[in-house]
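A.B. asks: One file: final_15.pdb (PDB, C-alpha atoms and all ligand atoms).
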MODEL        1
ATOM      1  CA  MET A 226      15.005   2.528  -2.173  1.00  0.00           C
ATOM      2  CA  LEU A 227      12.223   3.370   0.277  1.00  0.00           C
ATOM      3  CA  SER A 228      13.608   2.970   3.751  1.00  0.00           C
ATOM      4  CA  GLY A 229      12.915   3.546   7.397  1.00  0.00           C
ATOM      5  CA  THR A 230      15.688   3.871   9.957  1.00  0.00           C
ATOM      6  CA  GLY A 231      15.330   3.676  13.723  1.00  0.00           C
ATOM      7  CA  LEU A 232      11.566   4.075  13.502  1.00  0.00           C
ATOM      8  CA  VAL A 233       9.800   4.558  16.812  1.00  0.00           C
ATOM      9  CA  ALA A 234       6.031   5.045  16.618  1.00  0.00           C
ATOM     10  CA  GLY A 235       2.920   4.427  18.650  1.00  0.00           C
ATOM     11  CA  TYR A 236      -0.510   5.682  19.588  1.00  0.00           C
ATOM     12  CA  ARG A 237      -0.467   6.050  23.358  1.00  0.00           C
ATOM     13  CA  LYS A 238       2.167   8.087  25.117  1.00  0.00           C
ATOM     14  CA  GLY A 239       5.048   5.983  26.347  1.00  0.00           C
ATOM     15  CA  ILE A 240       3.907   2.777  24.594  1.00  0.00           C
ATOM     16  CA  ALA A 241       5.917   2.323  21.411  1.00  0.00           C
ATOM     17  CA  VAL A 242       4.447  -0.084  18.847  1.00  0.00           C
ATOM     18  CA  LEU A 243       7.550   0.236  16.698  1.00  0.00           C
ATOM     19  CA  ASP A 244      10.673   0.506  18.789  1.00  0.00           C
ATOM     20  CA  GLY A 245      13.665   1.197  16.592  1.00  0.00           C
ATOM     21  CA  VAL A 246      12.656  -0.595  13.383  1.00  0.00           C
ATOM     22  CA  ASP A 247      14.858  -0.542  10.292  1.00  0.00           C
ATOM     23  CA  VAL A 248      13.294  -1.535   6.979  1.00  0.00           C
ATOM     24  CA  GLU A 249      14.377  -1.348   3.355  1.00  0.00           C
ATOM     25  CA  VAL A 250      12.109  -1.650   0.329  1.00  0.00           C
ATOM     26  CA  PRO A 251      14.321  -1.824  -2.761  1.00  0.00           C
ATOM     27  CA  ARG A 252      13.062  -1.115  -6.277  1.00  0.00           C
ATOM     28  CA  GLY A 253      12.284  -3.954  -8.640  1.00  0.00           C
ATOM     29  CA  THR A 254      11.431  -6.614  -6.102  1.00  0.00           C
ATOM     30  CA  VAL A 255       8.766  -7.700  -3.616  1.00  0.00           C
ATOM     31  CA  THR A 256       9.776  -7.517   0.037  1.00  0.00           C
ATOM     32  CA  GLY A 257       7.475  -9.395   2.395  1.00  0.00           C
ATOM     33  CA  LEU A 258       6.627  -8.251   5.910  1.00  0.00           C
ATOM     34  CA  ALA A 259       5.301 -10.821   8.359  1.00  0.00           C
ATOM     35  CA  GLY A 260       4.801 -10.945  12.107  1.00  0.00           C
ATOM     36  CA  PRO A 261       2.153 -11.783  14.672  1.00  0.00           C
ATOM     37  CA  SER A 262      -1.099  -9.865  14.885  1.00  0.00           C
ATOM     38  CA  GLY A 263      -0.671  -6.552  16.660  1.00  0.00           C
ATOM     39  CA  CYS A 264       3.099  -6.353  16.281  1.00  0.00           C
ATOM     40  CA  GLY A 265       2.824  -3.147  14.266  1.00  0.00           C
ATOM     41  CA  LYS A 266       2.843  -4.142  10.589  1.00  0.00           C
ATOM     42  CA  SER A 267       0.055  -1.723   9.649  1.00  0.00           C
ATOM     43  CA  THR A 268       1.647   0.985  11.753  1.00  0.00           C
ATOM     44  CA  LEU A 269       4.905   0.490   9.862  1.00  0.00           C
ATOM     45  CA  ALA A 270       2.991   0.556   6.561  1.00  0.00           C
ATOM     46  CA  ARG A 271       1.398   3.890   7.466  1.00  0.00           C
ATOM     47  CA  VAL A 272       4.704   5.421   8.565  1.00  0.00           C
ATOM     48  CA  LEU A 273       6.485   4.286   5.380  1.00  0.00           C
ATOM     49  CA  ALA A 274       3.569   5.569   3.280  1.00  0.00           C
ATOM     50  CA  LEU A 275       4.072   8.973   4.964  1.00  0.00           C
ATOM     51  CA  LEU A 276       0.561   8.758   6.440  1.00  0.00           C
ATOM     52  CA  ARG A 277       1.709   8.694  10.074  1.00  0.00           C
ATOM     53  CA  ARG A 278       4.545  10.663  11.657  1.00  0.00           C
ATOM     54  CA  PRO A 279       6.965   8.492  13.654  1.00  0.00           C
ATOM     55  CA  TRP A 280       7.967   9.668  17.124  1.00  0.00           C
ATOM     56  CA  SER A 281      11.559   9.361  15.983  1.00  0.00           C
ATOM     57  CA  GLY A 282      13.601   7.882  13.166  1.00  0.00           C
ATOM     58  CA  GLN A 283      13.644   8.715   9.514  1.00  0.00           C
ATOM     59  CA  VAL A 284      11.851   7.679   6.337  1.00  0.00           C
ATOM     60  CA  THR A 285      13.894   8.128   3.167  1.00  0.00           C
ATOM     61  CA  VAL A 286      12.454   8.066  -0.362  1.00  0.00           C
ATOM     62  CA  ASP A 287      15.077   7.511  -3.079  1.00  0.00           C
ATOM     63  CA  GLY A 288      17.786   8.969  -0.877  1.00  0.00           C
ATOM     64  CA  GLU A 289      15.787  12.022   0.166  1.00  0.00           C
ATOM     65  CA  ALA A 290      14.507  12.363   3.733  1.00  0.00           C
ATOM     66  CA  ALA A 291      10.731  12.560   3.985  1.00  0.00           C
ATOM     67  CA  THR A 292       9.736  16.210   3.727  1.00  0.00           C
ATOM     68  CA  GLY A 293       6.717  15.653   5.968  1.00  0.00           C
ATOM     69  CA  PHE A 294       3.918  13.315   6.964  1.00  0.00           C
ATOM     70  CA  ARG A 295       0.170  13.391   6.369  1.00  0.00           C
ATOM     71  CA  HIS A 296      -0.847  16.730   4.905  1.00  0.00           C
ATOM     72  CA  ALA A 297       2.700  18.062   5.053  1.00  0.00           C
ATOM     73  CA  THR A 298       4.013  15.516   2.523  1.00  0.00           C
ATOM     74  CA  SER A 299       5.416  16.916  -0.715  1.00  0.00           C
ATOM     75  CA  ARG A 300       3.389  16.072  -3.804  1.00  0.00           C
ATOM     76  CA  ALA A 301       6.325  14.252  -5.399  1.00  0.00           C
ATOM     77  CA  GLN A 302       6.948  12.042  -2.384  1.00  0.00           C
ATOM     78  CA  ARG A 303       3.243  11.332  -1.976  1.00  0.00           C
ATOM     79  CA  ALA A 304       2.975  10.302  -5.619  1.00  0.00           C
ATOM     80  CA  ALA A 305       6.028   8.052  -5.280  1.00  0.00           C
ATOM     81  CA  ILE A 306       4.286   5.702  -2.857  1.00  0.00           C
ATOM     82  CA  GLY A 307       1.025   3.864  -3.566  1.00  0.00           C
ATOM     83  CA  VAL A 308      -0.867   2.050  -0.821  1.00  0.00           C
ATOM     84  CA  VAL A 309      -3.563  -0.613  -0.821  1.00  0.00           C
ATOM     85  CA  PHE A 310      -5.239  -1.576   2.456  1.00  0.00           C
ATOM     86  CA  GLN A 311      -6.968  -4.753   3.546  1.00  0.00           C
ATOM     87  CA  GLN A 312     -10.500  -3.411   3.442  1.00  0.00           C
ATOM     88  CA  PRO A 313     -11.510  -1.660   0.252  1.00  0.00           C
ATOM     89  CA  ARG A 314     -14.916  -0.333   1.442  1.00  0.00           C
ATOM     90  CA  PRO A 315     -13.747   2.168   4.051  1.00  0.00           C
ATOM     91  CA  ALA A 316     -11.024   3.239   1.597  1.00  0.00           C
ATOM     92  CA  VAL A 317     -13.383   4.616  -1.075  1.00  0.00           C
ATOM     93  CA  ASP A 318     -16.029   7.307  -1.301  1.00  0.00           C
ATOM     94  CA  PRO A 319     -19.315   5.343  -1.540  1.00  0.00           C
ATOM     95  CA  ARG A 320     -20.810   8.004  -3.836  1.00  0.00           C
ATOM     96  CA  PHE A 321     -18.129   7.562  -6.495  1.00  0.00           C
ATOM     97  CA  THR A 322     -18.309   5.171  -9.424  1.00  0.00           C
ATOM     98  CA  LEU A 323     -15.288   2.851  -9.674  1.00  0.00           C
ATOM     99  CA  ARG A 324     -14.180   5.001 -12.608  1.00  0.00           C
ATOM    100  CA  GLN A 325     -14.103   8.043 -10.302  1.00  0.00           C
ATOM    101  CA  VAL A 326     -12.324   6.034  -7.603  1.00  0.00           C
ATOM    102  CA  VAL A 327      -9.535   5.060 -10.017  1.00  0.00           C
ATOM    103  CA  ALA A 328      -9.302   8.575 -11.505  1.00  0.00           C
ATOM    104  CA  GLU A 329      -9.133  10.337  -8.127  1.00  0.00           C
ATOM    105  CA  PRO A 330      -5.305  10.690  -7.893  1.00  0.00           C
ATOM    106  CA  LEU A 331      -5.184  12.005 -11.486  1.00  0.00           C
ATOM    107  CA  HIS A 332      -7.765  14.704 -10.720  1.00  0.00           C
ATOM    108  CA  ALA A 333      -6.036  15.543  -7.433  1.00  0.00           C
ATOM    109  CA  THR A 334      -2.739  16.165  -9.228  1.00  0.00           C
ATOM    110  CA  GLY A 335      -4.183  18.231 -12.085  1.00  0.00           C
ATOM    111  CA  ARG A 336      -3.940  15.444 -14.676  1.00  0.00           C
ATOM    112  CA  THR A 337      -7.632  15.349 -15.511  1.00  0.00           C
ATOM    113  CA  GLY A 338      -6.949  15.430 -19.262  1.00  0.00           C
ATOM    114  CA  GLU A 339      -5.030  12.176 -19.024  1.00  0.00           C
ATOM    115  CA  ALA A 340      -7.680  10.483 -16.893  1.00  0.00           C
ATOM    116  CA  PRO A 341      -9.904   8.740 -19.475  1.00  0.00           C
ATOM    117  CA  ARG A 342      -7.006   7.025 -21.258  1.00  0.00           C
ATOM    118  CA  ARG A 343      -5.110   6.209 -18.059  1.00  0.00           C
ATOM    119  CA  VAL A 344      -8.212   4.803 -16.308  1.00  0.00           C
ATOM    120  CA  GLY A 345      -8.799   2.573 -19.352  1.00  0.00           C
ATOM    121  CA  GLU A 346      -5.226   1.262 -19.178  1.00  0.00           C
ATOM    122  CA  LEU A 347      -5.443   0.662 -15.430  1.00  0.00           C
ATOM    123  CA  ALA A 348      -8.816  -1.086 -15.716  1.00  0.00           C
ATOM    124  CA  GLU A 349      -7.338  -3.439 -18.273  1.00  0.00           C
ATOM    125  CA  GLN A 350      -4.311  -4.119 -16.063  1.00  0.00           C
ATOM    126  CA  VAL A 351      -6.431  -5.026 -13.031  1.00  0.00           C
ATOM    127  CA  GLY A 352      -9.209  -6.775 -14.954  1.00  0.00           C
ATOM    128  CA  LEU A 353     -12.158  -4.381 -14.607  1.00  0.00           C
ATOM    129  CA  THR A 354     -14.603  -4.041 -17.489  1.00  0.00           C
ATOM    130  CA  GLY A 355     -16.148  -0.729 -18.573  1.00  0.00           C
ATOM    131  CA  GLU A 356     -19.478  -1.892 -17.213  1.00  0.00           C
ATOM    132  CA  LEU A 357     -17.968  -2.462 -13.745  1.00  0.00           C
ATOM    133  CA  LEU A 358     -16.278   0.961 -13.858  1.00  0.00           C
ATOM    134  CA  ASP A 359     -19.697   2.576 -14.101  1.00  0.00           C
ATOM    135  CA  ARG A 360     -20.956   0.906 -10.922  1.00  0.00           C
ATOM    136  CA  ARG A 361     -20.708   2.252  -7.384  1.00  0.00           C
ATOM    137  CA  PRO A 362     -19.021   0.422  -4.485  1.00  0.00           C
ATOM    138  CA  HIS A 363     -22.270  -1.089  -3.132  1.00  0.00           C
ATOM    139  CA  GLU A 364     -22.921  -2.648  -6.556  1.00  0.00           C
ATOM    140  CA  VAL A 365     -19.642  -4.618  -6.742  1.00  0.00           C
ATOM    141  CA  SER A 366     -17.940  -7.396  -4.769  1.00  0.00           C
ATOM    142  CA  ASP A 367     -15.040  -6.851  -2.363  1.00  0.00           C
ATOM    143  CA  GLY A 368     -12.703  -8.358  -4.947  1.00  0.00           C
ATOM    144  CA  GLN A 369     -13.903  -6.009  -7.699  1.00  0.00           C
ATOM    145  CA  LEU A 370     -13.600  -3.035  -5.361  1.00  0.00           C
ATOM    146  CA  GLN A 371     -10.106  -4.097  -4.320  1.00  0.00           C
ATOM    147  CA  ARG A 372      -9.149  -4.261  -8.010  1.00  0.00           C
ATOM    148  CA  ALA A 373     -10.274  -0.606  -8.267  1.00  0.00           C
ATOM    149  CA  CYS A 374      -8.244   0.294  -5.157  1.00  0.00           C
ATOM    150  CA  LEU A 375      -5.156  -1.329  -6.676  1.00  0.00           C
ATOM    151  CA  ALA A 376      -5.744   0.559  -9.942  1.00  0.00           C
ATOM    152  CA  ARG A 377      -6.050   3.802  -7.954  1.00  0.00           C
ATOM    153  CA  ALA A 378      -2.809   3.066  -6.097  1.00  0.00           C
ATOM    154  CA  LEU A 379      -1.062   2.539  -9.451  1.00  0.00           C
ATOM    155  CA  ALA A 380      -2.609   5.570 -11.181  1.00  0.00           C
ATOM    156  CA  LEU A 381       0.370   7.902 -10.704  1.00  0.00           C
ATOM    157  CA  ARG A 382       2.890   5.145 -11.558  1.00  0.00           C
ATOM    158  CA  PRO A 383       4.309   5.015  -8.021  1.00  0.00           C
ATOM    159  CA  ARG A 384       7.908   3.936  -7.612  1.00  0.00           C
ATOM    160  CA  TYR A 385       6.867   1.999  -4.471  1.00  0.00           C
ATOM    161  CA  LEU A 386       3.701   0.117  -3.611  1.00  0.00           C
ATOM    162  CA  ILE A 387       2.705  -0.919  -0.096  1.00  0.00           C
ATOM    163  CA  CYS A 388       0.146  -3.728   0.016  1.00  0.00           C
ATOM    164  CA  ASP A 389      -1.144  -4.035   3.591  1.00  0.00           C
ATOM    165  CA  GLU A 390      -2.978  -7.393   3.732  1.00  0.00           C
ATOM    166  CA  MET A 391      -4.308  -6.498   0.271  1.00  0.00           C
ATOM    167  CA  THR A 392      -5.672  -9.971  -0.413  1.00  0.00           C
ATOM    168  CA  ALA A 393      -6.739 -11.032   3.099  1.00  0.00           C
ATOM    169  CA  MET A 394     -10.461 -10.707   2.295  1.00  0.00           C
ATOM    170  CA  LEU A 395     -10.270 -12.200  -1.193  1.00  0.00           C
ATOM    171  CA  ASP A 396     -10.687 -15.665  -2.700  1.00  0.00           C
ATOM    172  CA  ALA A 397      -7.798 -17.597  -4.198  1.00  0.00           C
ATOM    173  CA  SER A 398      -8.411 -16.636  -7.813  1.00  0.00           C
ATOM    174  CA  THR A 399      -8.730 -12.881  -7.097  1.00  0.00           C
ATOM    175  CA  THR A 400      -5.648 -13.096  -4.866  1.00  0.00           C
ATOM    176  CA  ALA A 401      -3.689 -14.726  -7.685  1.00  0.00           C
ATOM    177  CA  ALA A 402      -4.922 -12.106 -10.175  1.00  0.00           C
ATOM    178  CA  LEU A 403      -3.912  -9.147  -7.979  1.00  0.00           C
ATOM    179  CA  VAL A 404      -0.536 -10.691  -7.132  1.00  0.00           C
ATOM    180  CA  ARG A 405       0.028 -11.084 -10.887  1.00  0.00           C
ATOM    181  CA  VAL A 406      -0.893  -7.421 -11.539  1.00  0.00           C
ATOM    182  CA  VAL A 407       1.599  -6.284  -8.894  1.00  0.00           C
ATOM    183  CA  GLY A 408       4.236  -8.643 -10.339  1.00  0.00           C
ATOM    184  CA  GLU A 409       3.818  -7.054 -13.771  1.00  0.00           C
ATOM    185  CA  ARG A 410       4.485  -3.611 -12.332  1.00  0.00           C
ATOM    186  CA  VAL A 411       7.626  -4.928 -10.606  1.00  0.00           C
ATOM    187  CA  ALA A 412       8.876  -6.542 -13.825  1.00  0.00           C
ATOM    188  CA  GLU A 413       7.921  -3.759 -16.248  1.00  0.00           C
ATOM    189  CA  ASP A 414       8.341  -0.574 -14.183  1.00  0.00           C
ATOM    190  CA  GLY A 415      10.759  -1.700 -11.482  1.00  0.00           C
ATOM    191  CA  THR A 416       8.235  -0.892  -8.765  1.00  0.00           C
ATOM    192  CA  GLY A 417       9.459  -1.682  -5.251  1.00  0.00           C
ATOM    193  CA  VAL A 418       6.780  -3.525  -3.291  1.00  0.00           C
ATOM    194  CA  LEU A 419       6.264  -4.082   0.433  1.00  0.00           C
ATOM    195  CA  ALA A 420       3.800  -6.979   0.784  1.00  0.00           C
ATOM    196  CA  ILE A 421       2.361  -7.314   4.278  1.00  0.00           C
ATOM    197  CA  SER A 422       0.549 -10.561   4.948  1.00  0.00           C
ATOM    198  CA  HIS A 423      -0.342 -13.117   7.592  1.00  0.00           C
ATOM    199  CA  ASP A 424      -0.315 -15.735   4.864  1.00  0.00           C
ATOM    200  CA  GLU A 425       3.143 -17.298   4.984  1.00  0.00           C
ATOM    201  CA  PRO A 426       2.639 -19.557   1.914  1.00  0.00           C
ATOM    202  CA  LEU A 427       1.512 -16.492  -0.055  1.00  0.00           C
ATOM    203  CA  LEU A 428       4.608 -14.527   0.988  1.00  0.00           C
ATOM    204  CA  GLU A 429       6.798 -17.487   0.069  1.00  0.00           C
ATOM    205  CA  ARG A 430       5.397 -17.401  -3.460  1.00  0.00           C
ATOM    206  CA  TRP A 431       5.185 -13.640  -3.762  1.00  0.00           C
ATOM    207  CA  ALA A 432       8.164 -12.096  -1.974  1.00  0.00           C
ATOM    208  CA  ALA A 433      11.862 -12.397  -2.788  1.00  0.00           C
ATOM    209  CA  THR A 434      12.714 -11.852   0.888  1.00  0.00           C
ATOM    210  CA  THR A 435      10.526 -11.571   3.954  1.00  0.00           C
ATOM    211  CA  LEU A 436      11.206  -9.406   6.983  1.00  0.00           C
ATOM    212  CA  ARG A 437       9.776 -10.447  10.316  1.00  0.00           C
ATOM    213  CA  LEU A 438       8.789  -7.479  12.403  1.00  0.00           C
ATOM    214  CA  VAL A 439       9.486  -9.162  15.737  1.00  0.00           C
ATOM    215  CA  ASP A 440      12.988 -10.076  14.543  1.00  0.00           C
ATOM    216  CA  MET A 441      13.591  -6.543  13.306  1.00  0.00           C
ATOM    217  CA  THR A 442      12.492  -5.089  16.624  1.00  0.00           C
ATOM    218  CA  ALA A 443      14.708  -7.491  18.516  1.00  0.00           C
ATOM    219  CA  ALA A 444      17.710  -6.776  16.295  1.00  0.00           C
TER     220      ALA A 444
HETATM  221  N1  LIG B 501      -5.497   3.999  16.017  1.00  0.00           N
HETATM  222  C1  LIG B 501      -4.967   3.304  17.024  1.00  0.00           C
HETATM  223  N2  LIG B 501      -5.071   3.758  18.300  1.00  0.00           N
HETATM  224  C2  LIG B 501      -4.519   3.092  19.331  1.00  0.00           C
HETATM  225  N3  LIG B 501      -3.824   1.937  19.202  1.00  0.00           N
HETATM  226  C3  LIG B 501      -3.706   1.433  17.973  1.00  0.00           C
HETATM  227  C4  LIG B 501      -4.251   2.094  16.813  1.00  0.00           C
HETATM  228  N4  LIG B 501      -3.957   1.352  15.728  1.00  0.00           N
HETATM  229  C5  LIG B 501      -3.261   0.290  16.173  1.00  0.00           C
HETATM  230  N5  LIG B 501      -3.094   0.342  17.495  1.00  0.00           N
HETATM  231  C6  LIG B 501      -2.367  -0.642  18.334  1.00  0.00           C
HETATM  232  O1  LIG B 501      -1.029  -0.707  17.866  1.00  0.00           O
HETATM  233  C7  LIG B 501      -0.560  -2.048  17.851  1.00  0.00           C
HETATM  234  C8  LIG B 501      -0.086  -2.425  16.446  1.00  0.00           C
HETATM  235  O2  LIG B 501      -1.183  -2.377  15.550  1.00  0.00           O
HETATM  236  P1  LIG B 501      -1.010  -2.685  14.003  1.00  0.00           P
HETATM  237  O3  LIG B 501      -2.369  -2.559  13.380  1.00  0.00           O
HETATM  238  O4  LIG B 501       0.089  -1.854  13.460  1.00  0.00           O
HETATM  239  O5  LIG B 501      -0.533  -4.204  14.045  1.00  0.00           O
HETATM  240  P2  LIG B 501      -0.515  -5.316  12.912  1.00  0.00           P
HETATM  241  O6  LIG B 501       0.745  -6.060  13.065  1.00  0.00           O
HETATM  242  O7  LIG B 501      -0.779  -4.684  11.591  1.00  0.00           O
HETATM  243  O8  LIG B 501      -1.748  -6.201  13.342  1.00  0.00           O
HETATM  244  P3  LIG B 501      -2.701  -7.147  12.449  1.00  0.00           P
HETATM  245  O9  LIG B 501      -1.804  -8.185  11.850  1.00  0.00           O
HETATM  246  O10 LIG B 501      -3.646  -7.710  13.470  1.00  0.00           O
HETATM  247  O11 LIG B 501      -3.375  -6.256  11.440  1.00  0.00           O
HETATM  248  C9  LIG B 501      -1.699  -2.900  18.370  1.00  0.00           C
HETATM  249  O12 LIG B 501      -1.469  -3.153  19.737  1.00  0.00           O
HETATM  250  C10 LIG B 501      -2.918  -2.038  18.185  1.00  0.00           C
HETATM  251  O13 LIG B 501      -3.899  -2.331  19.148  1.00  0.00           O
ENDMDL
END
With the file now loaded, output its structure as structure tokens.
C.D. replies:
Amino acid sequence: MLSGTGLVAGYRKGIAVLDGVDVEVPRGTVTGLAGPSGCGKSTLARVLALLRRPWSGQVTVDGEAATGFRHATSRAQRAAIGVVFQQPRPAVDPRFTLRQVVAEPLHATGRTGEAPRRVGELAEQVGLTGELLDRRPHEVSDGQLQRACLARALALRPRYLICDEMTAMLDASTTAALVRVVGERVAEDGTGVLAISHDEPLLERWAATTLRLVDMTAA
């Protein structure tokens, strides 16, 4: 289980965006997260992904309290949680080929030897051809780049995957393809997924249960 308890977080002093939020992301299922624009869904995603330190409250990864946030995160906890954001372009180095984008976490964790085989597997999972892997971000569509970002998020076989509006910029067929890729990881690896979306019909199809951030804050 990836969980947050009593999370209070914000950007400006005295104005809490999250005000005592509890959230649980169990393994082996997709948990949806909905709520009106600006209610703090992305903030919660960043806190749970250990990318932003909450003002108070605790994030727990498989029963172990988060060792730190941002650069202070332990390597094991960082590798346990994959994240995909709404916009793929700001999330990648524009000088990299898609192959380098996908391989980045493997290089960063000293698994360079594994990279060629693993990148091939991931490309197949997300539906990227070898020819596309050799292109750079400006030479591919948003959907193709988002496929690479999903492959990168899966590279270290994370136990949890946070998809923050992952498909909001994509057409229906790419959305369906990426939702299927995530579903395969849930079924085959038991990955625990937090799917954040404005798209209620999508969450109805995709998520086993959906949390509503306003309700959680009120509770
Ligand atoms: N870097 C930042 N600096 C200051 N305020 C911010 C920052 N990021 C977000 N906020 C504010 O925090 C609040 C919550 O933002 P957040 O992006 O978490 O909401 P959200 O529910 O994901 O919204 P949306 O559905 O529109 O993406 C908003 O009022 C937003 O303006």
A.B. asks: What's around Pro315 of chain A at 12 Å? Count all atoms listed in the file, leave out sequence neighbours fewer than 5 positions away in its own chain, and write the answer as a list in words.
C.D. replies: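 Listed by chain and then number, they are Val309, Phe310, Pro362, His363, Asp367, Leu370, Gln371 and Cys374 of chain A.
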A.B. asks: Give as a PyMOL selection string every residue, naming chains and numbers as the document does, that has an atom within 7 Å of (-13.9, -12.1, -3.7), counting only C-alpha atoms.
C.D. replies: chain A and resi 366-368+395-396+399
A.B. asks: Using the file's own x, y and z axes, so that the box edges lie along x, y and z, what centre and edge lengths in Å (one decimal) does a box around every listed atom of ligand LIG 501 (chain B) get when 3 Å is added on each side? Give it as AutoDock Vina command-line options.
C.D. replies:
--center_x -2.4 --center_y -2.1 --center_z 15.6 --size_x 12.2 --size_y 18.2 --size_z 14.3
A.B. asks: For ligand LIG 501 (chain B), return the neighbouring residues as a PDB file with C-alpha atoms, in the coordinates of the input (distance at most 6 Å; only C-alpha atoms and all ligand atoms).
C.D. replies:
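selection39.pdb was written with the following content:
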ATOM      1  CA  TYR A 236      -0.510   5.682  19.588  1.00  0.00           C
ATOM      2  CA  VAL A 242       4.447  -0.084  18.847  1.00  0.00           C
ATOM      3  CA  SER A 262      -1.099  -9.865  14.885  1.00  0.00           C
ATOM      4  CA  GLY A 263      -0.671  -6.552  16.660  1.00  0.00           C
ATOM      5  CA  CYS A 264       3.099  -6.353  16.281  1.00  0.00           C
ATOM      6  CA  GLY A 265       2.824  -3.147  14.266  1.00  0.00           C
ATOM      7  CA  LYS A 266       2.843  -4.142  10.589  1.00  0.00           C
ATOM      8  CA  SER A 267       0.055  -1.723   9.649  1.00  0.00           C
ATOM      9  CA  THR A 268       1.647   0.985  11.753  1.00  0.00           C
TER      10      THR A 268
END
A.B. asks: Rank A:Ala290, A:Val439, A:Leu232, A:Ala380 by their smallest atom-to-atom distance to Glu339 of chain A, using all atoms listed in the file, and report the top residue only.
C.D. replies: A:Ala380
